[in-house]
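S.K.: Dropping in protein_35.txt, with compact mmCIF, C-alpha atoms.
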# COMPACT_ATOMS: atom_id res chain seq x y z
CA MET A 1 102.91 123.25 110.21
CA ASN A 2 105.84 123.08 107.77
CA ILE A 3 107.52 120.42 109.87
CA VAL A 4 104.48 118.15 109.48
CA ARG A 5 104.72 118.47 105.70
CA ASP A 6 108.51 118.20 105.55
CA HIS A 7 108.55 114.96 107.54
CA ASN A 8 105.27 113.64 106.10
CA ILE A 9 103.89 113.28 109.61
CA LYS A 10 100.53 111.59 110.00
CA ALA A 11 98.87 111.66 113.42
CA GLN A 12 98.62 108.13 114.76
CA LYS A 13 95.16 107.35 116.11
CA LYS A 14 96.54 104.35 118.02
CA PHE A 15 98.71 106.77 120.04
CA GLY A 16 95.89 109.30 120.53
CA GLN A 17 97.91 112.01 118.79
CA ASN A 18 96.46 115.53 118.60
CA PHE A 19 99.35 117.97 118.29
CA LEU A 20 98.95 121.25 120.19
CA THR A 21 99.77 124.13 117.83
CA ASP A 22 98.33 127.21 119.56
CA ASP A 23 101.24 129.42 120.68
CA ASN A 24 99.17 131.17 123.35
CA VAL A 25 98.12 127.90 124.96
CA LEU A 26 101.67 126.55 124.83
CA ASP A 27 102.88 129.66 126.67
CA GLN A 28 100.04 129.32 129.21
CA ILE A 29 101.07 125.75 130.01
CA VAL A 30 104.70 126.70 130.65
CA GLU A 31 103.62 129.63 132.80
CA ALA A 32 101.11 127.52 134.75
CA ALA A 33 103.81 124.93 135.47
CA GLY A 34 106.08 127.66 136.83
CA VAL A 35 109.08 126.21 135.00
CA CYS A 36 112.46 127.63 135.99
CA VAL A 37 116.16 126.83 135.77
CA ASP A 38 116.02 124.74 138.95
CA ASP A 39 113.60 122.26 137.37
CA HIS A 40 113.96 118.92 135.64
CA VAL A 41 110.81 118.73 133.51
CA ILE A 42 109.50 115.39 132.27
CA GLU A 43 107.29 115.72 129.21
CA ILE A 44 105.09 112.81 128.14
CA GLY A 45 104.20 112.61 124.46
CA PRO A 46 106.18 115.58 123.09
CA GLY A 47 104.96 114.98 119.53
CA LEU A 48 106.24 117.78 117.30
CA GLY A 49 108.32 119.30 120.10
CA THR A 50 106.52 122.64 120.17
CA LEU A 51 106.03 122.48 123.93
CA THR A 52 109.39 120.78 124.49
CA ALA A 53 111.32 123.70 123.00
CA ARG A 54 109.50 126.18 125.22
CA LEU A 55 110.23 124.06 128.27
CA ALA A 56 113.90 123.81 127.32
CA GLU A 57 114.16 127.60 127.25
CA LYS A 58 113.07 127.82 130.90
CA ALA A 59 114.10 124.56 132.61
CA GLY A 60 117.42 123.24 133.79
CA HIS A 61 116.80 119.96 131.97
CA VAL A 62 113.97 118.40 129.96
CA THR A 63 113.35 114.69 129.44
CA ALA A 64 110.79 113.94 126.73
CA ILE A 65 109.26 110.46 126.59
CA GLU A 66 107.85 109.65 123.14
CA ILE A 67 106.36 106.29 122.12
CA ASP A 68 106.11 107.02 118.37
CA ARG A 69 109.38 106.34 116.54
CA GLN A 70 108.37 108.51 113.57
CA MET A 71 108.55 111.55 115.85
CA ILE A 72 112.18 111.03 116.92
CA PRO A 73 113.79 112.66 113.82
CA VAL A 74 111.35 115.57 114.19
CA LEU A 75 112.30 116.06 117.83
CA ASP A 76 116.01 115.80 116.99
CA GLU A 77 115.55 118.61 114.47
CA VAL A 78 113.37 120.86 116.65
CA LEU A 79 115.60 120.44 119.71
CA ALA A 80 118.96 120.61 117.93
CA ASP A 81 119.83 123.96 119.55
CA TYR A 82 119.03 122.83 123.10
CA ASP A 83 121.75 120.90 124.91
CA ASN A 84 119.63 120.49 128.06
CA THR A 85 117.15 118.05 126.49
CA ARG A 86 117.06 114.30 126.04
CA VAL A 87 114.47 112.20 124.24
CA ILE A 88 113.56 108.68 125.34
CA CYS A 89 111.63 106.54 122.86
CA ALA A 90 109.46 104.46 125.17
CA ASP A 91 105.98 103.71 126.46
CA VAL A 92 105.55 105.80 129.61
CA LEU A 93 103.33 103.12 131.16
CA LYS A 94 106.27 100.70 130.97
CA THR A 95 108.95 103.20 131.99
CA ASP A 96 110.66 103.32 135.39
CA MET A 97 109.79 106.90 136.33
CA ASN A 98 112.00 106.78 139.41
CA GLU A 99 114.98 106.17 137.15
CA VAL A 100 113.94 108.96 134.76
CA ALA A 101 113.32 111.44 137.56
CA SER A 102 116.64 110.79 139.30
CA ALA A 103 118.77 111.71 136.26
CA TYR A 104 119.50 115.24 137.51
CA PRO A 105 119.89 115.22 141.32
CA GLY A 106 119.11 118.48 143.09
CA GLU A 107 116.57 119.71 140.57
CA ASN A 108 112.83 119.89 141.23
CA VAL A 109 110.99 117.30 139.17
CA LYS A 110 107.88 118.50 137.34
CA VAL A 111 105.70 116.78 134.77
CA VAL A 112 104.30 118.86 131.89
CA ALA A 113 102.40 117.21 129.06
CA ASN A 114 99.65 117.18 126.49
CA LEU A 115 98.45 113.68 127.39
CA PRO A 116 96.89 111.18 124.97
CA TYR A 117 93.28 111.18 126.11
CA TYR A 118 92.63 107.45 125.81
CA ILE A 119 95.18 106.62 128.52
CA THR A 120 95.02 109.76 130.67
CA THR A 121 93.78 107.96 133.78
CA PRO A 122 96.45 105.22 133.90
CA ILE A 123 99.19 107.78 133.20
CA VAL A 124 98.05 110.17 135.94
CA THR A 125 97.43 107.46 138.54
CA GLY A 126 100.75 105.84 137.64
CA LEU A 127 102.59 109.13 138.17
CA LEU A 128 100.86 109.75 141.50
CA GLU A 129 101.52 106.23 142.79
CA SER A 130 105.13 106.02 141.55
CA LYS A 131 106.60 107.41 144.81
CA VAL A 132 108.56 109.99 142.79
CA ARG A 133 108.68 113.33 144.63
CA TYR A 134 107.16 115.42 141.84
CA LYS A 135 106.79 119.10 142.63
CA SER A 136 103.80 119.44 140.31
CA ILE A 137 102.04 117.83 137.36
CA THR A 138 100.62 120.17 134.71
CA VAL A 139 98.77 118.39 131.93
CA MET A 140 96.33 118.89 129.08
CA VAL A 141 93.44 116.44 129.38
CA GLN A 142 89.88 116.04 128.21
CA THR A 143 87.71 118.64 129.98
CA GLU A 144 85.43 116.06 131.58
CA VAL A 145 88.48 114.29 133.02
CA ALA A 146 89.84 117.56 134.44
CA GLU A 147 86.47 118.19 136.09
CA ARG A 148 86.46 114.64 137.46
CA MET A 149 89.84 115.23 139.09
CA GLN A 150 88.64 118.13 141.22
CA THR A 151 84.99 117.20 141.89
CA GLY A 152 83.61 116.04 145.25
CA PRO A 153 81.09 113.52 146.65
CA GLY A 154 77.61 113.46 145.16
CA SER A 155 78.68 114.37 141.64
CA LYS A 156 78.22 111.86 138.81
CA ASP A 157 81.85 112.58 137.86
CA TYR A 158 83.17 111.71 141.33
CA GLY A 159 85.14 108.48 141.43
CA ALA A 160 88.40 106.69 142.10
CA LEU A 161 90.37 109.16 139.96
CA SER A 162 88.96 112.12 141.94
CA LEU A 163 90.03 110.56 145.23
CA ALA A 164 93.49 109.54 144.02
CA VAL A 165 94.22 113.01 142.66
CA GLN A 166 92.95 114.72 145.81
CA TYR A 167 94.87 112.39 148.14
CA TYR A 168 98.18 113.19 146.48
CA SER A 169 97.63 116.75 145.27
CA LYS A 170 95.63 119.95 145.12
CA PRO A 171 94.10 120.14 141.60
CA ARG A 172 93.28 123.40 139.82
CA ILE A 173 91.97 123.85 136.28
CA ILE A 174 94.02 126.55 134.58
CA THR A 175 92.19 127.09 131.31
CA ASP A 176 89.88 125.46 128.77
CA VAL A 177 91.21 124.87 125.27
CA PRO A 178 89.08 124.64 122.10
CA PRO A 179 89.54 121.86 119.51
CA GLU A 180 90.86 124.43 117.02
CA SER A 181 94.10 124.62 119.01
CA PHE A 182 95.12 121.14 117.84
CA TYR A 183 96.10 119.30 114.68
CA PRO A 184 94.12 117.24 113.93
CA MET A 185 91.19 118.67 115.90
CA PRO A 186 89.88 116.37 118.65
CA GLY A 187 86.16 115.76 118.97
CA VAL A 188 86.09 116.88 122.61
CA GLY A 189 86.94 119.94 124.67
CA SER A 190 90.27 120.08 126.49
CA SER A 191 91.56 121.68 129.67
CA VAL A 192 94.91 122.36 131.29
CA ILE A 193 94.99 121.25 134.92
CA ARG A 194 97.80 121.67 137.47
CA LEU A 195 98.24 119.20 140.32
CA GLU A 196 100.29 120.70 143.15
CA LEU A 197 101.58 117.67 145.03
CA TYR A 198 101.41 117.55 148.81
CA GLU A 199 104.49 116.83 150.86
CA GLU A 200 102.13 114.99 153.21
CA PRO A 201 98.65 113.73 152.20
CA PRO A 202 95.72 115.74 153.65
CA VAL A 203 94.37 112.66 155.45
CA LYS A 204 96.14 110.00 157.49
CA VAL A 205 95.44 106.34 156.78
CA ASN A 206 97.24 103.25 158.07
CA ASP A 207 97.47 101.54 154.67
CA PRO A 208 96.97 103.75 151.57
CA ASP A 209 97.09 100.77 149.20
CA ARG A 210 94.32 99.09 151.18
CA MET A 211 92.25 102.30 151.13
CA PHE A 212 92.56 102.65 147.36
CA GLY A 213 91.62 99.00 146.92
CA ILE A 214 88.40 99.76 148.82
CA ILE A 215 87.85 102.95 146.82
CA LYS A 216 88.27 101.20 143.46
CA ALA A 217 85.96 98.35 144.51
CA SER A 218 83.29 100.79 145.70
CA PHE A 219 83.09 102.44 142.27
CA MET A 220 83.19 99.28 140.16
CA GLN A 221 79.42 98.97 140.61
CA ARG A 222 78.59 102.48 141.74
CA ARG A 223 74.82 101.95 141.83
CA LYS A 224 75.19 99.25 144.46
CA THR A 225 75.60 99.94 148.17
CA LEU A 226 79.18 100.21 149.39
CA ALA A 227 78.73 97.11 151.57
CA ASN A 228 77.55 95.02 148.62
CA SER A 229 80.32 96.33 146.36
CA LEU A 230 83.04 95.37 148.83
CA GLN A 231 81.53 91.93 149.36
CA ASN A 232 81.11 91.17 145.64
CA ASN A 233 84.50 92.43 144.48
CA PRO A 234 87.09 89.60 144.38
CA ASP A 235 89.91 91.97 145.34
CA THR A 236 88.25 92.96 148.62
CA HIS A 237 85.58 90.34 149.39
CA ILE A 238 84.71 91.92 152.74
CA PRO A 239 81.54 90.47 154.34
CA ARG A 240 78.63 92.88 153.94
CA GLU A 241 77.82 92.78 157.65
CA LYS A 242 81.35 93.82 158.57
CA THR A 243 81.23 96.87 156.28
CA GLU A 244 77.74 97.83 157.49
CA GLU A 245 78.92 97.64 161.11
CA ALA A 246 81.94 99.85 160.35
CA LEU A 247 79.76 102.39 158.53
CA SER A 248 77.36 102.53 161.49
CA TRP A 249 80.28 103.05 163.87
CA LEU A 250 81.30 106.05 161.72
CA GLY A 251 77.79 107.45 161.92
CA LEU A 252 77.03 106.66 158.26
CA ASP A 253 74.02 104.94 156.74
CA PRO A 254 74.86 101.21 156.30
CA MET A 255 73.10 101.40 152.91
CA ILE A 256 75.27 104.29 151.66
CA ARG A 257 76.95 104.16 148.26
CA GLY A 258 80.64 104.78 147.74
CA GLU A 259 79.97 107.93 145.70
CA ALA A 260 78.71 109.67 148.87
CA LEU A 261 81.87 109.20 150.96
CA THR A 262 84.59 111.83 151.32
CA LEU A 263 88.29 111.03 151.22
CA GLU A 264 88.40 111.38 155.01
CA GLN A 265 85.55 108.89 155.41
CA PHE A 266 87.20 106.36 153.10
CA ALA A 267 90.38 106.64 155.18
CA ALA A 268 88.48 106.09 158.41
CA LEU A 269 86.56 103.15 156.94
CA SER A 270 89.77 101.58 155.63
CA ASP A 271 91.37 101.78 159.07
CA LEU A 272 88.33 100.18 160.71
CA LEU A 273 88.12 97.36 158.21
Output the file's structure as structure tokens, nothing else.

M.R.:
Amino acid sequence: MNIVRDHNIKAQKKFGQNFLTDDNVLDQIVEAAGVCVDDHVIEIGPGLGTLTARLAEKAGHVTAIEIDRQMIPVLDEVLADYDNTRVICADVLKTDMNEVASAYPGENVKVVANLPYYITTPIVTGLLESKVRYKSITVMVQTEVAERMQTGPGSKDYGALSLAVQYYSKPRIITDVPPESFYPMPGVGSSVIRLELYEEPPVKVNDPDRMFGIIKASFMQRRKTLANSLQNNPDTHIPREKTEEALSWLGLDPMIRGEALTLEQFAALSDLL
């Protein structure tokens, strides 16, 4: 942690900074991502650059996107010996990921990151919906979020994030990581999860955007019936009777809640509606 002292680094709560310092976990992440010389790796929130340096040793190129300006001199120092890295000081949620990803044509694009937990969901959904042809996304997230990504219908953790992740990718939790592996220590457990992106989604749907609009509306008030949720939500506003008729046609209970539907059933319902 000498670099923290030398640069007088203080973790910024507003950026959700918890720096990963466990060498074994850092190596596990790089291995899980399968990084090789044919890859252009995009890292979100590089922080102290401990993971970035390991990625640079394996990848063809690494692009690190860091929002915190105080970290830029640190990254410049840590990455001084690597000529295959570039650092972009920017907010990833406001960054054109298509432009970032296209910087090195011919290389596989992979995302590897220790994500800030307070904006994990918008980052992950933004990556998945960006239309960038990522090969895989390997990220450190809060354990309960990792479990939510791979859970199925009927679970209290099942929701719009689960369905988005499973439409675009095959998720697999790699390992759990204790708070002691970070500086400062977070108050929650963490997990590394790898999303292997599909070349073609596992279900066919006429209008994916329409389907995800229905999915999001159905979980906004998850204790209500699906038909009531779609009628009450201003973004869908589908008459209850119409949804109930479509559910009956699919052989489902008209009083069913959204949390009971599979991805395949949401696709079929979207096409009918």

S.K.: What does the structure give for the distance between atom CA of A:Asn108 and atom CA of A:Asp39, in Å to one decimal?

M.R.: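 Computed distance, atom CA of A:Asn108 to atom CA of A:Asp39, equals 4.6 Å.
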
S.K.: Taking (77.5, 101.7, 150.0) as a centre in this file's frame and 6 Å as the limit, can you find every polymer residue with an atom that close, using all atoms listed in the file, and give them as a list of chain:residue names?

M.R.: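 Output of the proximity query reads A:Thr225, A:Leu226, A:Ala227, A:Met255, A:Ile256, A:Arg257, A:Gly258.
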
S.K.: What lies within 9 Å of A:Ser155 using all atoms listed in the file, ignoring chain neighbours under 6 positions off, as number ranges by chain?

M.R.: A: 148, 259-260

S.K.: Listed atoms of stretch 134-151 of chain A, axis-aligned box, 6 Å per side: centre and edge lengths to one decimal in Å, as AutoDock Vina command-line options?

M.R.:
--center_x 96.1 --center_y 117.2 --center_z 135.4 --size_x 34.2 --size_y 17.9 --size_z 26.4

S.K.: Mind running stretch 31-94 of chain A against stretch 109-122 of chain A at 10 Å and telling me each contacting residue's nearest atom pair with the distance in Å (one decimal), counting only C-alpha atoms, chain and number ascending, as a Markdown table?

M.R.:
| residue | atom | partner | partner_atom | distance |
| --- | --- | --- | --- | --- |
| A:Ala32 | CA | A:Val112 | CA | 9.7 |
| A:Ala33 | CA | A:Val112 | CA | 7.1 |
| A:Gly34 | CA | A:Lys110 | CA | 9.3 |
| A:Val35 | CA | A:Lys110 | CA | 8.1 |
| A:Asp38 | CA | A:Val109 | CA | 9.0 |
| A:Asp39 | CA | A:Val109 | CA | 5.9 |
| A:His40 | CA | A:Val109 | CA | 4.9 |
| A:Val41 | CA | A:Lys110 | CA | 4.8 |
| A:Ile42 | CA | A:Val111 | CA | 4.8 |
| A:Glu43 | CA | A:Val112 | CA | 5.1 |
| A:Ile44 | CA | A:Ala113 | CA | 5.2 |
| A:Gly45 | CA | A:Leu115 | CA | 6.5 |
| A:Pro46 | CA | A:Ala113 | CA | 7.3 |
| A:Gly47 | CA | A:Asn114 | CA | 9.0 |
| A:Leu51 | CA | A:Ala113 | CA | 8.2 |
| A:Thr52 | CA | A:Ala113 | CA | 9.1 |
| A:Leu55 | CA | A:Val112 | CA | 8.7 |
| A:Ala59 | CA | A:Lys110 | CA | 9.9 |
| A:His61 | CA | A:Val109 | CA | 9.6 |
| A:Val62 | CA | A:Lys110 | CA | 9.6 |
| A:Thr63 | CA | A:Val111 | CA | 9.6 |
| A:Ala64 | CA | A:Ala113 | CA | 9.3 |
| A:Ile65 | CA | A:Ala113 | CA | 9.9 |
| A:Leu93 | CA | A:Pro122 | CA | 7.7 |

S.K.: With distances taken over all atoms listed in the file, which residue among A:Pro171, A:Gly106, A:Pro178, A:Gly126 lies nearest A:Thr143?

M.R.: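 Selected residue with least distance to A:Thr143: A:Pro178.
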
S.K.: Would you please work out which residue, of A:Gln142, A:Ser130, A:Gln70, A:Thr21, is nearest to A:Thr95 when using all atoms listed in the file?

M.R.: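 Selected residue with least distance to A:Thr95: A:Ser130.
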
S.K.: Could you please determine the separation between atom CA of A:Ile173 and atom CA of A:Glu66 in Å, to one decimal place?

M.R.: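 These atoms are spaced 25.0 Å apart.
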
S.K.: Which residue is closest to A:Thr243? Choose from A:Tyr183, A:Phe266, A:Phe212, A:Tyr82 and count only C-alpha atoms.

M.R.: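 Closest residue, counting only C-alpha atoms: A:Phe266.
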
S.K.: To one decimal place, how far is atom CA of A:Asn98 from atom CA of A:Arg210 in Å?

M.R.: 22.6 Å

S.K.: Which polymer residues have any atom within 8 Å of an atom of stretch 194-200 of chain A, counting all atoms listed in the file, with same-chain residues fewer than 3 positions away left out, as a list in words?

M.R.: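 Selected residues are Ala32, Ala33, Tyr134, Lys135, Ser136, Ile137, Thr138, Val139, Val165, Tyr168, Ser169, Lys170, Pro171, Arg172, Ile173 and Ile174 of chain A.
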